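A.B. asks: Dropping a structure here in structure tokens format, bear with me for questions.
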Amino acid sequence: ILWMAAFFGVLLRGRRMMNADGDLARHLTLGRYMLDTGKIPLRDLFSHTLTGESLTPHEWLAQLIFALSKRLFGFEGVILLCALVISATIWLIYNHMLKNTLSIIPAIFITLIVLINSMIHWLARPHIFTILFITLWMITLENLQKGKHNRWWTLPLLMLLWANLH
């Protein structure tokens with residue numbers, strides 16, 4: 001139920017998520033450039049003061065995903081993407097807590113605390129992927145530590161994606 005609250009909470013915030021700061025326009029512009037050219041920019045192409053300067057495209061994959069969402073579904077696609085990422089994170093936390101506490105009350109309580117405290121970060125920005133990936137990372141580490149599985153190789157794959165998303 002909490003993941004649905006997160007999903008619909010993000011949808012209700014809607015365009016306010018995109019207007020909370022000015023970063024989304026830059027992310028969409030760079031993502032659109034990558035979609036149009038098939039290239040990850042290594043030089044600043046769009047700023048007035050640093051045009052042509054070296055650029056570290058550490059969020060290129062998130063920018064591409066945001067731009068693709070906007071291209072396919074408009075700004076509502078960006079909102080939907082954010083809702084899916086945030087609600088998936090809440091769902092993972094709840095399921096993990098439920099498996100580890102073996103009781104629904106502590107799982108709901110802890111997930112509710114996470115949900116409430118994370119709401120300040122519900123913005124259409126690449127850091128939403130970091131919240132998802134830190135959750136996946138911690139769950140994987142804990143499962144490895146407890147011997148629940150031996151899929152250590154998922155950690156480098158997670159890091160490869162995470163490092164290019166945010």
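Residue numbering restarts at 1 in every chain; chains get A, B, ... in the order shown in the structure tokens, and ligands count up from 1 in that same order.
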As a PyMOL selection string, please: all residues of chain A that backbone DSSP puts in helix (DSSP H, G or I).
C.D. replies: chain A and resi 2-17+23-37+60-73+75-101+104-121+127-145+154-165
A.B. asks: Considering only C-alpha atoms, give me a table of residues in region 3-81 of chain A that are at most 12 Å from region 118-126 of chain A, with the closest atom pair and distance in Å for each, as JSON lines.
C.D. replies:
{"residue": "A:Ala5", "atom": "CA", "partner": "A:Met119", "partner_atom": "CA", "distance": 11.3}
{"residue": "A:Ala6", "atom": "CA", "partner": "A:Met119", "partner_atom": "CA", "distance": 8.6}
{"residue": "A:Phe7", "atom": "CA", "partner": "A:Trp122", "partner_atom": "CA", "distance": 10.7}
{"residue": "A:Gly9", "atom": "CA", "partner": "A:Met119", "partner_atom": "CA", "distance": 9.0}
{"residue": "A:Val10", "atom": "CA", "partner": "A:Trp122", "partner_atom": "CA", "distance": 7.1}
{"residue": "A:Leu11", "atom": "CA", "partner": "A:Trp122", "partner_atom": "CA", "distance": 10.6}
{"residue": "A:Leu12", "atom": "CA", "partner": "A:Trp122", "partner_atom": "CA", "distance": 11.5}
{"residue": "A:Arg13", "atom": "CA", "partner": "A:Trp122", "partner_atom": "CA", "distance": 8.8}
{"residue": "A:Gly14", "atom": "CA", "partner": "A:Ala124", "partner_atom": "CA", "distance": 9.6}
{"residue": "A:Arg15", "atom": "CA", "partner": "A:Ala124", "partner_atom": "CA", "distance": 9.0}
{"residue": "A:Arg16", "atom": "CA", "partner": "A:Leu123", "partner_atom": "CA", "distance": 8.3}
{"residue": "A:Met17", "atom": "CA", "partner": "A:Leu123", "partner_atom": "CA", "distance": 4.6}
{"residue": "A:Met18", "atom": "CA", "partner": "A:Ala124", "partner_atom": "CA", "distance": 5.3}
{"residue": "A:Asn19", "atom": "CA", "partner": "A:Leu123", "partner_atom": "CA", "distance": 8.5}
{"residue": "A:Ala20", "atom": "CA", "partner": "A:Leu123", "partner_atom": "CA", "distance": 7.1}
{"residue": "A:Asp21", "atom": "CA", "partner": "A:Leu123", "partner_atom": "CA", "distance": 8.4}
{"residue": "A:Gly22", "atom": "CA", "partner": "A:Arg125", "partner_atom": "CA", "distance": 9.9}
{"residue": "A:Asp23", "atom": "CA", "partner": "A:Arg125", "partner_atom": "CA", "distance": 7.1}
{"residue": "A:Leu24", "atom": "CA", "partner": "A:Arg125", "partner_atom": "CA", "distance": 6.2}
{"residue": "A:Ala25", "atom": "CA", "partner": "A:Arg125", "partner_atom": "CA", "distance": 10.0}
{"residue": "A:Arg26", "atom": "CA", "partner": "A:Arg125", "partner_atom": "CA", "distance": 10.2}
{"residue": "A:His27", "atom": "CA", "partner": "A:Arg125", "partner_atom": "CA", "distance": 7.9}
{"residue": "A:Leu28", "atom": "CA", "partner": "A:Arg125", "partner_atom": "CA", "distance": 10.0}
{"residue": "A:Gly31", "atom": "CA", "partner": "A:Pro126", "partner_atom": "CA", "distance": 11.7}
{"residue": "A:His58", "atom": "CA", "partner": "A:Pro126", "partner_atom": "CA", "distance": 10.1}
{"residue": "A:Glu59", "atom": "CA", "partner": "A:Pro126", "partner_atom": "CA", "distance": 6.8}
{"residue": "A:Trp60", "atom": "CA", "partner": "A:Pro126", "partner_atom": "CA", "distance": 9.3}
{"residue": "A:Leu61", "atom": "CA", "partner": "A:Pro126", "partner_atom": "CA", "distance": 8.9}
{"residue": "A:Ala62", "atom": "CA", "partner": "A:Pro126", "partner_atom": "CA", "distance": 5.6}
{"residue": "A:Gln63", "atom": "CA", "partner": "A:Pro126", "partner_atom": "CA", "distance": 7.4}
{"residue": "A:Leu64", "atom": "CA", "partner": "A:Pro126", "partner_atom": "CA", "distance": 10.4}
{"residue": "A:Ile65", "atom": "CA", "partner": "A:Pro126", "partner_atom": "CA", "distance": 9.6}
{"residue": "A:Phe66", "atom": "CA", "partner": "A:Ala124", "partner_atom": "CA", "distance": 8.5}
{"residue": "A:Ala67", "atom": "CA", "partner": "A:Ala124", "partner_atom": "CA", "distance": 11.5}
{"residue": "A:Ser69", "atom": "CA", "partner": "A:Ala124", "partner_atom": "CA", "distance": 11.6}
{"residue": "A:Lys70", "atom": "CA", "partner": "A:Ala124", "partner_atom": "CA", "distance": 11.5}
{"residue": "A:Phe75", "atom": "CA", "partner": "A:Ala124", "partner_atom": "CA", "distance": 10.3}
{"residue": "A:Glu76", "atom": "CA", "partner": "A:Ala124", "partner_atom": "CA", "distance": 11.2}
{"residue": "A:Gly77", "atom": "CA", "partner": "A:Ala124", "partner_atom": "CA", "distance": 10.9}
{"residue": "A:Val78", "atom": "CA", "partner": "A:Ala124", "partner_atom": "CA", "distance": 7.2}
{"residue": "A:Ile79", "atom": "CA", "partner": "A:Ala124", "partner_atom": "CA", "distance": 7.2}
{"residue": "A:Leu80", "atom": "CA", "partner": "A:Ala124", "partner_atom": "CA", "distance": 10.0}
{"residue": "A:Leu81", "atom": "CA", "partner": "A:Ala124", "partner_atom": "CA", "distance": 8.8}
A.B. asks: Those residues you just picked out, can you put them in a file as a compact mmCIF listing (two decimals), in the first residue's frame with N, CA and C atoms?
C.D. replies:
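New file result-v1.txt:
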# COMPACT_ATOMS: atom_id res chain seq x y z
N ALA A 5 1.00 4.65 -2.38
CA ALA A 5 0.93 6.02 -1.87
C ALA A 5 2.05 6.87 -2.48
N ALA A 6 3.24 6.29 -2.57
CA ALA A 6 4.36 7.01 -3.18
C ALA A 6 4.07 7.28 -4.66
N PHE A 7 3.59 6.26 -5.36
CA PHE A 7 3.29 6.41 -6.79
C PHE A 7 2.29 7.53 -7.03
N GLY A 9 1.36 9.81 -4.88
CA GLY A 9 1.88 11.06 -4.34
C GLY A 9 2.74 11.80 -5.35
N VAL A 10 3.56 11.07 -6.07
CA VAL A 10 4.39 11.69 -7.11
C VAL A 10 3.50 12.19 -8.24
N LEU A 11 2.53 11.38 -8.65
CA LEU A 11 1.63 11.83 -9.72
C LEU A 11 0.87 13.09 -9.32
N LEU A 12 0.44 13.17 -8.06
CA LEU A 12 -0.28 14.35 -7.59
C LEU A 12 0.62 15.58 -7.56
N ARG A 13 1.88 15.38 -7.23
CA ARG A 13 2.82 16.51 -7.26
C ARG A 13 3.01 17.01 -8.68
N GLY A 14 2.98 16.07 -9.61
CA GLY A 14 3.01 16.39 -11.03
C GLY A 14 4.07 17.39 -11.42
N ARG A 15 3.64 18.41 -12.10
CA ARG A 15 4.58 19.38 -12.68
C ARG A 15 5.33 20.20 -11.62
N ARG A 16 4.82 20.22 -10.39
CA ARG A 16 5.56 20.91 -9.33
C ARG A 16 6.92 20.25 -9.11
N MET A 17 6.99 18.93 -9.35
CA MET A 17 8.28 18.22 -9.22
C MET A 17 9.29 18.75 -10.22
N MET A 18 8.80 19.17 -11.37
CA MET A 18 9.71 19.60 -12.42
C MET A 18 10.10 21.06 -12.28
N ASN A 19 9.33 21.81 -11.55
CA ASN A 19 9.59 23.24 -11.41
C ASN A 19 10.26 23.60 -10.09
N ALA A 20 10.62 22.61 -9.30
CA ALA A 20 11.20 22.89 -7.99
C ALA A 20 12.61 23.46 -8.10
N ASP A 21 13.30 23.14 -9.16
CA ASP A 21 14.62 23.73 -9.42
C ASP A 21 14.81 23.79 -10.93
N GLY A 22 15.91 24.36 -11.36
CA GLY A 22 16.12 24.56 -12.79
C GLY A 22 16.89 23.46 -13.49
N ASP A 23 17.20 22.39 -12.81
CA ASP A 23 18.05 21.36 -13.41
C ASP A 23 17.37 20.54 -14.50
N LEU A 24 16.08 20.32 -14.41
CA LEU A 24 15.43 19.44 -15.37
C LEU A 24 15.60 19.93 -16.80
N ALA A 25 15.52 21.23 -17.03
CA ALA A 25 15.66 21.75 -18.39
C ALA A 25 17.02 21.36 -18.97
N ARG A 26 18.07 21.46 -18.18
CA ARG A 26 19.40 21.08 -18.64
C ARG A 26 19.47 19.59 -18.91
N HIS A 27 18.90 18.78 -18.01
CA HIS A 27 18.93 17.34 -18.20
C HIS A 27 18.17 16.94 -19.48
N LEU A 28 17.03 17.56 -19.70
CA LEU A 28 16.25 17.26 -20.90
C LEU A 28 16.96 17.72 -22.17
N GLY A 31 19.79 15.31 -22.77
CA GLY A 31 19.22 14.04 -23.19
C GLY A 31 18.71 14.10 -24.62
N HIS A 58 28.46 12.67 -16.09
CA HIS A 58 28.22 11.60 -15.12
C HIS A 58 26.75 11.20 -15.01
N GLU A 59 25.84 12.00 -15.51
CA GLU A 59 24.41 11.67 -15.42
C GLU A 59 23.81 11.37 -16.79
N TRP A 60 24.65 11.02 -17.74
CA TRP A 60 24.20 10.90 -19.12
C TRP A 60 23.06 9.90 -19.31
N LEU A 61 23.10 8.78 -18.60
CA LEU A 61 22.06 7.77 -18.78
C LEU A 61 20.71 8.26 -18.25
N ALA A 62 20.71 8.92 -17.12
CA ALA A 62 19.47 9.49 -16.58
C ALA A 62 18.94 10.56 -17.52
N GLN A 63 19.81 11.40 -18.05
CA GLN A 63 19.38 12.44 -18.98
C GLN A 63 18.76 11.84 -20.23
N LEU A 64 19.34 10.77 -20.70
CA LEU A 64 18.80 10.07 -21.86
C LEU A 64 17.42 9.48 -21.55
N ILE A 65 17.28 8.87 -20.39
CA ILE A 65 16.00 8.27 -19.98
C ILE A 65 14.93 9.35 -19.80
N PHE A 66 15.29 10.47 -19.17
CA PHE A 66 14.32 11.57 -19.00
C PHE A 66 13.88 12.11 -20.36
N ALA A 67 14.84 12.33 -21.26
CA ALA A 67 14.52 12.88 -22.57
C ALA A 67 13.67 11.91 -23.39
N SER A 69 11.59 9.67 -22.13
CA SER A 69 10.26 9.71 -21.51
C SER A 69 9.47 10.92 -22.00
N LYS A 70 10.15 12.06 -22.06
CA LYS A 70 9.47 13.27 -22.53
C LYS A 70 9.12 13.15 -24.00
N PHE A 75 5.66 15.80 -20.93
CA PHE A 75 6.08 16.00 -19.54
C PHE A 75 5.42 14.99 -18.59
N GLU A 76 4.25 14.50 -18.97
CA GLU A 76 3.61 13.48 -18.15
C GLU A 76 4.44 12.20 -18.10
N GLY A 77 5.20 11.94 -19.17
CA GLY A 77 6.09 10.78 -19.18
C GLY A 77 7.22 10.91 -18.17
N VAL A 78 7.71 12.13 -18.00
CA VAL A 78 8.75 12.38 -17.00
C VAL A 78 8.18 12.16 -15.60
N ILE A 79 6.98 12.66 -15.38
CA ILE A 79 6.32 12.48 -14.08
C ILE A 79 6.07 11.00 -13.82
N LEU A 80 5.59 10.28 -14.81
CA LEU A 80 5.34 8.85 -14.67
C LEU A 80 6.63 8.09 -14.38
N LEU A 81 7.70 8.43 -15.07
CA LEU A 81 9.00 7.80 -14.82
C LEU A 81 9.41 8.01 -13.36
A.B. asks: Rounded to one decimal, what separation in Å do you get between CA of Asn95 (chain A) and CA of Thr135 (chain A)?
C.D. replies: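 According to the coordinates, CA of Asn95 (chain A) and CA of Thr135 (chain A) are separated by 11.4 Å.
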A.B. asks: Please provide as a ChimeraX atom specification all residues within 10 Å of region 42-47 of chain A, with the sequence filter that same-chain residues fewer than 3 positions apart are discarded (counting only C-alpha atoms).
C.D. replies: /A:26,29-30,33,39,50-57
A.B. asks: Output N, CA and C atoms for every residue in the selection just made, as a compact mmCIF listing (two decimals), in the first residue's frame.
C.D. replies:
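File result13.txt, as written:
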# COMPACT_ATOMS: atom_id res chain seq x y z
N ARG A 26 18.07 21.46 -18.18
CA ARG A 26 19.40 21.08 -18.64
C ARG A 26 19.47 19.59 -18.91
N THR A 29 17.61 18.88 -22.10
CA THR A 29 18.34 19.39 -23.27
C THR A 29 19.49 18.47 -23.63
N LEU A 30 20.26 18.06 -22.63
CA LEU A 30 21.38 17.15 -22.91
C LEU A 30 20.87 15.78 -23.37
N TYR A 33 19.80 16.08 -26.95
CA TYR A 33 20.99 16.12 -27.80
C TYR A 33 21.52 14.71 -28.04
N LYS A 39 25.38 10.72 -29.52
CA LYS A 39 26.66 10.98 -28.87
C LYS A 39 26.46 11.51 -27.46
N LEU A 50 30.51 28.73 -20.18
CA LEU A 50 31.48 27.63 -20.29
C LEU A 50 31.39 26.87 -21.61
N THR A 51 30.79 27.45 -22.63
CA THR A 51 30.64 26.77 -23.91
C THR A 51 32.00 26.30 -24.42
N GLY A 52 32.05 25.02 -24.76
CA GLY A 52 33.28 24.44 -25.29
C GLY A 52 34.20 23.86 -24.23
N GLU A 53 33.94 24.16 -22.97
CA GLU A 53 34.78 23.63 -21.90
C GLU A 53 34.49 22.15 -21.70
N SER A 54 35.44 21.47 -21.10
CA SER A 54 35.30 20.05 -20.81
C SER A 54 34.08 19.79 -19.92
N LEU A 55 33.38 18.71 -20.21
CA LEU A 55 32.18 18.36 -19.47
C LEU A 55 32.29 16.91 -19.02
N THR A 56 32.01 16.66 -17.76
CA THR A 56 31.99 15.28 -17.26
C THR A 56 30.54 14.83 -17.26
N PRO A 57 30.17 13.97 -18.20
CA PRO A 57 28.76 13.58 -18.33
C PRO A 57 28.37 12.44 -17.40
A.B. asks: For Ser87 (chain A), which residue among A:Ile40, A:Ile139, A:Leu161, A:Leu115 is the nearest when counting only C-alpha atoms?
C.D. replies: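 Using only C-alpha atoms, the shortest distance to Ser87 (chain A) belongs to A:Leu115.
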A.B. asks: Using only C-alpha atoms, which residues sit within 7 Å of Val85 (chain A) once same-chain residues fewer than 5 positions away are excluded, as JSON, numbers by chain?
C.D. replies: {"A": [128, 129, 132]}
A.B. asks: Once you have the residues from the selection above, write them out as a PDB file, in the first residue's frame, restricted to all heavy atoms.
C.D. replies:
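Written out: again-v2.pdb:
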ATOM      1  N   ILE A 128      16.967  10.610  -8.110  1.00  0.00           N
ATOM      2  CA  ILE A 128      15.957   9.601  -7.763  1.00  0.00           C
ATOM      3  C   ILE A 128      16.472   8.198  -8.083  1.00  0.00           C
ATOM      4  O   ILE A 128      16.118   7.239  -7.417  1.00  0.00           O
ATOM      5  CB  ILE A 128      14.590   9.855  -8.421  1.00  0.00           C
ATOM      6  CG1 ILE A 128      14.666   9.758  -9.937  1.00  0.00           C
ATOM      7  CG2 ILE A 128      13.980  11.145  -7.942  1.00  0.00           C
ATOM      8  CD1 ILE A 128      13.326   9.726 -10.634  1.00  0.00           C
ATOM      9  N   PHE A 129      17.331   8.097  -9.087  1.00  0.00           N
ATOM     10  CA  PHE A 129      17.927   6.806  -9.407  1.00  0.00           C
ATOM     11  C   PHE A 129      18.916   6.378  -8.322  1.00  0.00           C
ATOM     12  O   PHE A 129      19.056   5.192  -8.043  1.00  0.00           O
ATOM     13  CB  PHE A 129      18.625   6.843 -10.770  1.00  0.00           C
ATOM     14  CG  PHE A 129      17.674   7.022 -11.915  1.00  0.00           C
ATOM     15  CD1 PHE A 129      17.541   8.252 -12.545  1.00  0.00           C
ATOM     16  CD2 PHE A 129      16.903   5.967 -12.364  1.00  0.00           C
ATOM     17  CE1 PHE A 129      16.668   8.422 -13.604  1.00  0.00           C
ATOM     18  CE2 PHE A 129      16.011   6.119 -13.421  1.00  0.00           C
ATOM     19  CZ  PHE A 129      15.899   7.355 -14.038  1.00  0.00           C
ATOM     20  N   LEU A 132      17.050   4.707  -5.562  1.00  0.00           N
ATOM     21  CA  LEU A 132      16.731   3.334  -5.958  1.00  0.00           C
ATOM     22  C   LEU A 132      17.968   2.445  -5.890  1.00  0.00           C
ATOM     23  O   LEU A 132      17.926   1.348  -5.326  1.00  0.00           O
ATOM     24  CB  LEU A 132      16.149   3.313  -7.379  1.00  0.00           C
ATOM     25  CG  LEU A 132      15.929   1.937  -8.010  1.00  0.00           C
ATOM     26  CD1 LEU A 132      14.927   1.118  -7.208  1.00  0.00           C
ATOM     27  CD2 LEU A 132      15.492   2.092  -9.458  1.00  0.00           C
TER      28      LEU A 132
END
A.B. asks: Can you work out which one of A:Leu2, A:Leu165, A:Leu158, A:Leu136 has the shortest atom-to-atom distance to Ile116 (chain A), counting only C-alpha atoms?
C.D. replies: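 Residue with the minimum atom-to-atom distance to Ile116 (chain A): A:Leu2.
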